[in-house]
Every structure is written in structure tokens, then in C-alpha cells.
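Q: Hey, dropping protein.txt in here, compact mmCIF, N, CA and C atoms and all ligand atoms:
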# COMPACT_ATOMS: atom_id res chain seq x y z
N MET A 1 0.83 -1.21 0.00
CA MET A 1 0.00 0.00 0.00
C MET A 1 0.86 1.25 0.00
N LEU A 2 1.84 1.26 0.89
CA LEU A 2 2.76 2.39 0.96
C LEU A 2 3.51 2.53 -0.37
N ASP A 3 3.89 1.39 -0.93
CA ASP A 3 4.58 1.41 -2.21
C ASP A 3 3.76 2.10 -3.30
N ASP A 4 2.44 1.89 -3.26
CA ASP A 4 1.57 2.51 -4.26
C ASP A 4 1.62 4.03 -4.16
N LEU A 5 1.62 4.52 -2.94
CA LEU A 5 1.70 5.96 -2.71
C LEU A 5 2.99 6.52 -3.30
N TYR A 6 4.08 5.84 -3.00
CA TYR A 6 5.37 6.31 -3.50
C TYR A 6 5.43 6.21 -5.02
N ARG A 7 4.85 5.15 -5.56
CA ARG A 7 4.86 4.97 -7.01
C ARG A 7 4.09 6.12 -7.68
N GLU A 8 2.99 6.50 -7.07
CA GLU A 8 2.23 7.64 -7.60
C GLU A 8 3.05 8.92 -7.54
N GLN A 9 3.75 9.09 -6.43
CA GLN A 9 4.60 10.27 -6.28
C GLN A 9 5.67 10.31 -7.38
N ILE A 10 6.27 9.15 -7.65
CA ILE A 10 7.32 9.07 -8.68
C ILE A 10 6.74 9.46 -10.04
N LEU A 11 5.59 8.92 -10.38
CA LEU A 11 4.99 9.22 -11.68
C LEU A 11 4.59 10.69 -11.78
N ASP A 12 4.09 11.23 -10.68
CA ASP A 12 3.71 12.64 -10.66
C ASP A 12 4.92 13.54 -10.87
N ARG A 13 6.00 13.21 -10.19
CA ARG A 13 7.24 13.99 -10.32
C ARG A 13 7.80 13.89 -11.73
N TYR A 14 7.68 12.70 -12.29
CA TYR A 14 8.20 12.47 -13.64
C TYR A 14 7.42 13.33 -14.65
N LYS A 15 6.12 13.37 -14.48
CA LYS A 15 5.28 14.12 -15.43
C LYS A 15 5.27 15.61 -15.15
N HIS A 16 5.36 15.97 -13.88
CA HIS A 16 5.28 17.39 -13.50
C HIS A 16 6.43 17.77 -12.57
N PRO A 17 7.64 17.79 -13.09
CA PRO A 17 8.77 18.11 -12.21
C PRO A 17 8.70 19.56 -11.73
N ARG A 18 9.08 19.76 -10.48
CA ARG A 18 9.05 21.10 -9.88
C ARG A 18 10.39 21.81 -9.97
N PHE A 19 11.44 21.04 -10.12
CA PHE A 19 12.79 21.62 -10.01
C PHE A 19 13.60 21.38 -11.27
N ARG A 20 12.91 21.32 -12.39
CA ARG A 20 13.57 21.11 -13.66
C ARG A 20 13.86 22.44 -14.33
N GLY A 21 15.00 22.52 -15.00
CA GLY A 21 15.36 23.73 -15.72
C GLY A 21 16.70 24.25 -15.26
N PRO A 22 17.45 24.86 -16.16
CA PRO A 22 18.80 25.30 -15.80
C PRO A 22 18.77 26.51 -14.89
N LEU A 23 19.88 26.74 -14.20
CA LEU A 23 20.09 27.97 -13.44
C LEU A 23 21.07 28.83 -14.22
N ASP A 24 20.81 30.12 -14.27
CA ASP A 24 21.75 31.05 -14.89
C ASP A 24 22.98 31.18 -13.99
N ASP A 25 24.14 31.16 -14.63
CA ASP A 25 25.38 31.44 -13.92
C ASP A 25 25.53 30.58 -12.65
N PRO A 26 25.44 29.25 -12.79
CA PRO A 26 25.53 28.38 -11.60
C PRO A 26 26.92 28.38 -10.99
N ASP A 27 26.99 28.13 -9.69
CA ASP A 27 28.30 27.98 -9.03
C ASP A 27 28.89 26.62 -9.36
N ALA A 28 28.05 25.66 -9.63
CA ALA A 28 28.53 24.33 -10.01
C ALA A 28 27.52 23.69 -10.95
N ARG A 29 28.05 22.91 -11.88
CA ARG A 29 27.20 22.20 -12.83
C ARG A 29 27.89 20.87 -13.11
N TYR A 30 27.14 19.79 -13.12
CA TYR A 30 27.75 18.51 -13.44
C TYR A 30 26.76 17.63 -14.18
N GLU A 31 27.27 17.00 -15.23
CA GLU A 31 26.43 16.12 -16.03
C GLU A 31 26.91 14.69 -15.87
N ASP A 32 25.98 13.78 -15.67
CA ASP A 32 26.36 12.37 -15.53
C ASP A 32 25.33 11.50 -16.26
N GLU A 33 25.77 10.30 -16.60
CA GLU A 33 24.91 9.40 -17.35
C GLU A 33 24.88 8.02 -16.72
N ASN A 34 23.79 7.33 -16.96
CA ASN A 34 23.66 5.92 -16.59
C ASN A 34 23.45 5.14 -17.88
N PRO A 35 24.55 4.66 -18.49
CA PRO A 35 24.44 4.03 -19.80
C PRO A 35 23.58 2.77 -19.80
N LEU A 36 23.46 2.11 -18.65
CA LEU A 36 22.65 0.89 -18.57
C LEU A 36 21.19 1.15 -18.92
N CYS A 37 20.73 2.35 -18.60
CA CYS A 37 19.32 2.67 -18.79
C CYS A 37 19.13 3.79 -19.80
N GLY A 38 20.20 4.55 -20.06
CA GLY A 38 20.09 5.68 -20.98
C GLY A 38 19.68 6.97 -20.30
N ASP A 39 19.80 7.01 -18.97
CA ASP A 39 19.46 8.24 -18.23
C ASP A 39 20.61 9.24 -18.33
N ARG A 40 20.24 10.50 -18.42
CA ARG A 40 21.23 11.58 -18.40
C ARG A 40 20.70 12.68 -17.49
N VAL A 41 21.53 13.14 -16.57
CA VAL A 41 21.12 14.18 -15.63
C VAL A 41 22.19 15.26 -15.58
N VAL A 42 21.76 16.51 -15.61
CA VAL A 42 22.64 17.65 -15.36
C VAL A 42 22.15 18.34 -14.09
N VAL A 43 23.05 18.50 -13.13
CA VAL A 43 22.70 19.15 -11.87
C VAL A 43 23.31 20.55 -11.85
N TYR A 44 22.53 21.52 -11.45
CA TYR A 44 22.99 22.90 -11.29
C TYR A 44 22.85 23.30 -9.83
N LEU A 45 23.91 23.95 -9.32
CA LEU A 45 23.87 24.48 -7.95
C LEU A 45 24.30 25.93 -7.95
N LYS A 46 23.58 26.73 -7.17
CA LYS A 46 23.93 28.12 -7.01
C LYS A 46 23.69 28.48 -5.56
N PHE A 47 24.66 29.16 -4.95
CA PHE A 47 24.55 29.47 -3.52
C PHE A 47 24.36 30.97 -3.32
N ASP A 48 23.44 31.32 -2.44
CA ASP A 48 23.20 32.73 -2.15
C ASP A 48 24.19 33.22 -1.09
N ALA A 49 24.06 34.47 -0.68
CA ALA A 49 25.01 35.09 0.25
C ALA A 49 25.05 34.37 1.60
N ASP A 50 23.93 33.71 1.97
CA ASP A 50 23.88 32.97 3.23
C ASP A 50 24.39 31.54 3.08
N GLY A 51 24.83 31.19 1.88
CA GLY A 51 25.33 29.84 1.65
C GLY A 51 24.25 28.80 1.42
N LYS A 52 23.03 29.25 1.17
CA LYS A 52 21.92 28.32 0.90
C LYS A 52 21.83 28.03 -0.59
N ALA A 53 21.61 26.77 -0.90
CA ALA A 53 21.63 26.35 -2.30
C ALA A 53 20.30 26.57 -3.01
N GLN A 54 20.40 26.91 -4.27
CA GLN A 54 19.33 26.72 -5.23
C GLN A 54 19.77 25.53 -6.06
N ALA A 55 18.90 24.59 -6.31
CA ALA A 55 19.28 23.39 -7.06
C ALA A 55 18.26 23.11 -8.15
N ARG A 56 18.76 22.81 -9.34
CA ARG A 56 17.89 22.45 -10.47
C ARG A 56 18.55 21.32 -11.26
N PHE A 57 17.75 20.67 -12.07
CA PHE A 57 18.31 19.62 -12.93
C PHE A 57 17.72 19.72 -14.33
N GLU A 58 18.43 19.14 -15.26
CA GLU A 58 17.92 18.91 -16.61
C GLU A 58 18.28 17.48 -16.98
N GLY A 59 17.73 17.01 -18.09
CA GLY A 59 18.12 15.70 -18.55
C GLY A 59 16.93 14.92 -19.07
N GLU A 60 17.21 13.66 -19.36
CA GLU A 60 16.12 12.79 -19.77
C GLU A 60 16.45 11.37 -19.32
N GLY A 61 15.41 10.57 -19.19
CA GLY A 61 15.62 9.20 -18.75
C GLY A 61 14.33 8.61 -18.24
N CYS A 62 14.47 7.53 -17.49
CA CYS A 62 13.30 6.81 -17.00
C CYS A 62 12.63 7.58 -15.86
N ALA A 63 11.46 7.14 -15.51
CA ALA A 63 10.68 7.81 -14.46
C ALA A 63 11.44 7.86 -13.14
N ILE A 64 12.13 6.77 -12.79
CA ILE A 64 12.84 6.73 -11.51
C ILE A 64 13.96 7.78 -11.48
N SER A 65 14.76 7.86 -12.53
CA SER A 65 15.90 8.78 -12.51
C SER A 65 15.41 10.23 -12.50
N MET A 66 14.38 10.52 -13.27
CA MET A 66 13.89 11.90 -13.34
C MET A 66 13.17 12.31 -12.05
N ALA A 67 12.38 11.40 -11.50
CA ALA A 67 11.70 11.70 -10.24
C ALA A 67 12.70 11.83 -9.11
N ALA A 68 13.72 10.98 -9.11
CA ALA A 68 14.76 11.06 -8.08
C ALA A 68 15.48 12.40 -8.17
N ALA A 69 15.74 12.86 -9.39
CA ALA A 69 16.40 14.15 -9.58
C ALA A 69 15.53 15.27 -9.02
N ASP A 70 14.25 15.22 -9.31
CA ASP A 70 13.35 16.29 -8.86
C ASP A 70 13.25 16.30 -7.33
N LEU A 71 13.10 15.12 -6.74
CA LEU A 71 13.02 15.02 -5.28
C LEU A 71 14.31 15.49 -4.62
N LEU A 72 15.44 15.12 -5.23
CA LEU A 72 16.73 15.48 -4.66
C LEU A 72 16.97 16.99 -4.77
N MET A 73 16.60 17.59 -5.88
CA MET A 73 16.79 19.03 -6.04
C MET A 73 15.90 19.81 -5.07
N GLU A 74 14.70 19.27 -4.84
CA GLU A 74 13.83 19.90 -3.85
C GLU A 74 14.47 19.84 -2.46
N TYR A 75 15.00 18.68 -2.14
CA TYR A 75 15.66 18.51 -0.85
C TYR A 75 16.86 19.45 -0.73
N ALA A 76 17.64 19.56 -1.82
CA ALA A 76 18.89 20.31 -1.79
C ALA A 76 18.65 21.82 -1.69
N THR A 77 17.53 22.27 -2.21
CA THR A 77 17.25 23.71 -2.21
C THR A 77 17.11 24.21 -0.77
N GLY A 78 17.91 25.24 -0.44
CA GLY A 78 17.88 25.80 0.91
C GLY A 78 18.91 25.20 1.84
N GLN A 79 19.60 24.15 1.37
CA GLN A 79 20.63 23.51 2.20
C GLN A 79 22.00 24.16 1.93
N THR A 80 22.90 24.04 2.89
CA THR A 80 24.27 24.51 2.67
C THR A 80 25.07 23.43 1.96
N ALA A 81 26.20 23.84 1.39
CA ALA A 81 27.08 22.88 0.71
C ALA A 81 27.54 21.80 1.69
N ASP A 82 27.84 22.19 2.93
CA ASP A 82 28.28 21.20 3.92
C ASP A 82 27.19 20.18 4.22
N ALA A 83 25.97 20.65 4.34
CA ALA A 83 24.85 19.73 4.60
C ALA A 83 24.69 18.76 3.43
N LEU A 84 24.87 19.28 2.23
CA LEU A 84 24.71 18.42 1.05
C LEU A 84 25.86 17.41 0.94
N ARG A 85 27.04 17.82 1.38
CA ARG A 85 28.18 16.89 1.34
C ARG A 85 27.95 15.71 2.28
N SER A 86 27.19 15.92 3.33
CA SER A 86 26.98 14.83 4.30
C SER A 86 25.77 13.97 3.93
N LEU A 87 25.09 14.32 2.86
CA LEU A 87 23.95 13.52 2.39
C LEU A 87 24.43 12.13 1.97
N THR A 88 23.68 11.10 2.38
CA THR A 88 24.08 9.73 2.04
C THR A 88 23.12 9.12 1.02
N LYS A 89 23.56 8.00 0.46
CA LYS A 89 22.69 7.26 -0.47
C LYS A 89 21.39 6.87 0.21
N ASP A 90 21.48 6.48 1.47
CA ASP A 90 20.27 6.07 2.19
C ASP A 90 19.28 7.22 2.32
N ASP A 91 19.81 8.45 2.51
CA ASP A 91 18.92 9.62 2.57
C ASP A 91 18.14 9.75 1.27
N VAL A 92 18.85 9.54 0.16
CA VAL A 92 18.22 9.67 -1.16
C VAL A 92 17.16 8.58 -1.35
N LEU A 93 17.49 7.37 -0.93
CA LEU A 93 16.54 6.26 -1.09
C LEU A 93 15.32 6.48 -0.20
N ASP A 94 15.52 7.14 0.95
CA ASP A 94 14.39 7.49 1.80
C ASP A 94 13.46 8.47 1.09
N LEU A 95 14.04 9.41 0.36
CA LEU A 95 13.23 10.38 -0.38
C LEU A 95 12.35 9.67 -1.40
N ILE A 96 12.94 8.67 -2.05
CA ILE A 96 12.23 7.96 -3.11
C ILE A 96 11.21 7.00 -2.53
N GLY A 97 11.59 6.30 -1.48
CA GLY A 97 10.65 5.52 -0.70
C GLY A 97 10.33 4.13 -1.24
N LEU A 98 10.71 3.85 -2.48
CA LEU A 98 10.40 2.55 -3.07
C LEU A 98 11.56 1.59 -2.88
N ARG A 99 11.25 0.31 -2.69
CA ARG A 99 12.30 -0.70 -2.75
C ARG A 99 12.64 -0.92 -4.22
N LEU A 100 13.93 -0.83 -4.53
CA LEU A 100 14.36 -0.83 -5.93
C LEU A 100 15.27 -2.00 -6.23
N SER A 101 15.16 -2.51 -7.45
CA SER A 101 16.08 -3.55 -7.91
C SER A 101 17.45 -2.92 -8.14
N PRO A 102 18.51 -3.75 -8.19
CA PRO A 102 19.86 -3.17 -8.40
C PRO A 102 19.94 -2.29 -9.64
N ALA A 103 19.28 -2.66 -10.73
CA ALA A 103 19.33 -1.85 -11.94
C ALA A 103 18.65 -0.50 -11.72
N ARG A 104 17.51 -0.53 -11.01
CA ARG A 104 16.78 0.72 -10.73
C ARG A 104 17.54 1.60 -9.73
N LEU A 105 18.33 0.96 -8.86
CA LEU A 105 19.13 1.72 -7.91
C LEU A 105 20.08 2.65 -8.63
N LYS A 106 20.68 2.17 -9.72
CA LYS A 106 21.58 3.01 -10.51
C LYS A 106 20.85 4.23 -11.06
N CYS A 107 19.61 4.02 -11.47
CA CYS A 107 18.78 5.13 -11.96
C CYS A 107 18.52 6.13 -10.82
N ALA A 108 18.13 5.59 -9.68
CA ALA A 108 17.74 6.44 -8.55
C ALA A 108 18.92 7.25 -8.01
N LEU A 109 20.11 6.66 -8.09
CA LEU A 109 21.27 7.31 -7.48
C LEU A 109 22.07 8.16 -8.47
N LEU A 110 21.68 8.15 -9.74
CA LEU A 110 22.39 8.97 -10.73
C LEU A 110 22.36 10.46 -10.36
N PRO A 111 21.21 11.03 -10.01
CA PRO A 111 21.21 12.45 -9.62
C PRO A 111 22.06 12.72 -8.38
N TYR A 112 22.07 11.76 -7.48
CA TYR A 112 22.90 11.89 -6.27
C TYR A 112 24.39 11.94 -6.63
N LYS A 113 24.79 11.04 -7.54
CA LYS A 113 26.18 11.05 -8.00
C LYS A 113 26.54 12.38 -8.64
N ALA A 114 25.63 12.89 -9.46
CA ALA A 114 25.88 14.16 -10.15
C ALA A 114 25.96 15.31 -9.14
N LEU A 115 25.09 15.27 -8.14
CA LEU A 115 25.10 16.30 -7.10
C LEU A 115 26.44 16.28 -6.35
N LYS A 116 26.88 15.09 -5.98
CA LYS A 116 28.15 14.97 -5.25
C LYS A 116 29.32 15.48 -6.09
N ALA A 117 29.29 15.14 -7.38
CA ALA A 117 30.36 15.59 -8.27
C ALA A 117 30.32 17.11 -8.42
N ALA A 118 29.13 17.68 -8.49
CA ALA A 118 29.01 19.14 -8.58
C ALA A 118 29.58 19.79 -7.34
N LEU A 119 29.31 19.21 -6.18
CA LEU A 119 29.84 19.74 -4.91
C LEU A 119 31.36 19.63 -4.88
N TYR A 120 31.86 18.55 -5.41
CA TYR A 120 33.31 18.35 -5.47
C TYR A 120 33.95 19.44 -6.33
N GLY A 121 33.33 19.73 -7.46
CA GLY A 121 33.83 20.78 -8.34
C GLY A 121 33.84 22.13 -7.65
N LEU A 122 32.82 22.35 -6.84
CA LEU A 122 32.68 23.60 -6.08
C LEU A 122 33.85 23.76 -5.12
N GLU A 123 34.18 22.64 -4.46
CA GLU A 123 35.24 22.64 -3.46
C GLU A 123 36.60 22.89 -4.12
N ALA A 124 36.81 22.24 -5.27
CA ALA A 124 38.10 22.32 -5.93
C ALA A 124 38.38 23.71 -6.47
N ASP A 125 37.33 24.37 -6.95
CA ASP A 125 37.55 25.64 -7.63
C ASP A 125 36.33 26.53 -7.43
N PRO A 126 36.22 27.15 -6.25
CA PRO A 126 35.00 27.88 -5.94
C PRO A 126 34.72 28.99 -6.97
N GLY A 127 33.49 29.07 -7.39
CA GLY A 127 33.10 30.13 -8.30
C GLY A 127 33.34 29.81 -9.75
N ALA A 128 34.11 28.78 -10.02
CA ALA A 128 34.40 28.45 -11.42
C ALA A 128 33.26 27.62 -12.01
N ASP A 129 33.16 27.63 -13.29
CA ASP A 129 32.18 26.81 -13.99
C ASP A 129 32.67 25.37 -14.01
N ALA A 130 31.99 24.49 -13.30
CA ALA A 130 32.45 23.11 -13.16
C ALA A 130 32.45 22.36 -14.48
N SER A 131 31.66 22.85 -15.45
CA SER A 131 31.59 22.14 -16.73
C SER A 131 32.94 22.15 -17.45
N ALA A 132 33.78 23.13 -17.12
CA ALA A 132 35.09 23.24 -17.76
C ALA A 132 35.97 22.04 -17.40
N THR A 133 35.73 21.43 -16.23
CA THR A 133 36.57 20.33 -15.77
C THR A 133 35.88 18.98 -16.00
N GLU A 134 34.75 19.02 -16.66
CA GLU A 134 33.97 17.79 -16.81
C GLU A 134 34.74 16.69 -17.53
N GLY A 135 35.42 17.07 -18.61
CA GLY A 135 36.15 16.09 -19.38
C GLY A 135 37.19 15.39 -18.53
N ALA A 136 37.89 16.17 -17.69
CA ALA A 136 38.94 15.60 -16.85
C ALA A 136 38.36 14.66 -15.80
N ALA A 137 37.17 14.99 -15.31
CA ALA A 137 36.58 14.20 -14.24
C ALA A 137 36.01 12.87 -14.77
N ALA A 138 35.66 12.83 -16.03
CA ALA A 138 34.96 11.66 -16.56
C ALA A 138 35.89 10.50 -16.85
ZN ZN A 201 16.80 4.71 -15.54
Translate this file's structure into C-alpha cells.

A:
Amino acid sequence: MLDDLYREQILDRYKHPRFRGPLDDPDARYEDENPLCGDRVVVYLKFDADGKAQARFEGEGCAISMAAADLLMEYATGQTADALRSLTKDDVLDLIGLRLSPARLKCALLPYKALKAALYGLEADPGADASATEGAAA
């Protein structure tokens, strides 16, 4: 029963994402792919003067990867970079709420991986466009 609720949430997020769309002049941007499923996610992060994040995503893929991205960006918005660095895979799976097969786990955690990589880029070179280092990181 609980699974049905979460499944509805996933489909709703997939069809009507709240946090989709690029950010102008982001502090960090990272693109990652899940070749097993064909998912692609771009994460954008921008921090205000208080260090609180604005988070958005773009991309395409299955319902799980896109819904996970939307849920994760919602969670990330208003958080500090330090808080986001301490985010774990289990936190992300709690947001999604569904028990997932190993293949679906890769979909669900793709936005998380991209978020972590974006944060890493932020740390390495604050204020720089992380996309410039994307090739080196891949
Ligand atoms: Zn997928």
C-alpha cells in the first residue's frame, strides 16, 4: 500500500517536475549518465550570500531517474554545501521511498552522484564553472 503511494509520487514527479530547468550562472554544474538505462542528468547548484543552495536539474531518462532528480533538487534547495556533502545514499533512497532492484538503484542514485560531483567541483575551484573540468573528471 505504501509502495503505491510512492509509485504515484514518482509518476507525478516524472510528469510534472518542480525543479527542472537550468540555473543562470551556476556555481557548479555537473552532467552524468547511466548508460545501462540511458538516463542523463545535469545538476545545477547556485549558492546565495547565506550559503543556501538553489538546485535544479535537466536531462532525460526513465521515471525513476527523473523523479529522483526532482526530489533530490527539492531537498537540496535551501541547504548549505556542507549539509549536502553529508547527504548519504540512504537519505536519497528514503526520499524515493520505493524498494528498488539493483538496476533501478543506478537510476535512482544517478542524480545523487551528479550532485556529489558538482559539490566536489565547487570545493576544488570555488566560483568556477564546473563544466570546464567535466572532461577531466569523466
Ligand atoms: Zn533509468

Q: Using only N, CA and C atoms and all ligand atoms, find each protein or nucleic acid residue lying at most 8 Å from ligand ZN 201 (chain A); present the set as a list in words.

A: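 So, counting only N, CA and C atoms and all ligand atoms, the residues near ligand ZN 201 (chain A) are Asn34, Leu36, Cys37, Gly38, Asp39, Arg40, Glu60, Gly61, Cys62, Ala63, Ile64, Ser65, Met66, Ala103, Arg104, Leu105, Lys106, Cys107 and Ala108 of chain A.
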
Q: Any idea what the distance is between atom N of A:Leu11 and atom C of A:Gln54?

A: 22.3 Å

Q: So, with all atoms listed in the file as the atoms that count, which of A:Arg29, A:Ala81, A:Leu71, A:Asp91 lies closest to A:Ala117?

A: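 Ranking A:Arg29, A:Ala81, A:Leu71, A:Asp91 by distance to A:Ala117, first place goes to A:Arg29.
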
Q: Using DSSP on the backbone, list every residue of chain A that comes out as strand (DSSP E), and give them as a list of chain:residue names.

A: A:Ala28, A:Arg29, A:Tyr30, A:Glu31, A:Asp32, A:Glu33, A:Asn34, A:Asp39, A:Arg40, A:Val41, A:Val42, A:Val43, A:Tyr44, A:Leu45, A:Lys46, A:Phe47, A:Ala53, A:Gln54, A:Ala55, A:Arg56, A:Phe57, A:Glu58, A:Gly59, A:Glu60

Q: Tell me, which residues of chain A carry DSSP helix (DSSP H, G or I), written as JSON, numbers by chain?

A: {"A": [2, 3, 4, 5, 6, 7, 8, 9, 10, 11, 12, 13, 14, 15, 63, 64, 65, 66, 67, 68, 69, 70, 71, 72, 73, 74, 75, 76, 81, 82, 83, 84, 85, 89, 90, 91, 92, 93, 94, 95, 96, 102, 103, 104, 105, 106, 107, 108, 109, 110, 111, 112, 113, 114, 115, 116, 117, 118, 119, 120, 121, 122, 123, 124, 130, 131, 132, 133, 134, 135, 136, 137]}

Q: Using only N, CA and C atoms, which of A:Pro102, A:Pro111, A:Gly51, A:Gly59 sits nearest A:Met73?

A: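 When distances to A:Met73 are compared using only N, CA and C atoms, the smallest one comes from A:Pro111.
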
Q: Do a neighbour search on A:Pro22 at 7 Å with all atoms listed in the file, toss out local chain neighbours closer than 3 positions, and write the hits as a ChimeraX atom specification.

A: /A:44,56-58

Q: Would you mind reading off the distance between atom CA of A:Arg85 and atom CA of A:Ala49, one decimal, in Å?

A: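 If I compute the distance from atom CA of A:Arg85 to atom CA of A:Ala49, I get 18.5 Å.
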
Q: For A:Asp27, which of A:Tyr120, A:Phe47, A:Tyr6, A:Tyr112 is the closest residue, counting all atoms listed in the file?

A: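 Looking at the shortest contact to A:Asp27, the residue is A:Phe47.
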
Q: What is the distance, in Å and to one decimal place, between atom C of A:Leu100 and atom N of A:Leu115?

A: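 It comes out at 20.0 Å.
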
Q: Select, from A:Ser86, A:Asp24, A:Phe19, A:Val42, the residue with the minimum atom-to-atom distance to A:Leu72, counting only C-alpha atoms.

A: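 Residue with the minimum atom-to-atom distance to A:Leu72: A:Phe19.
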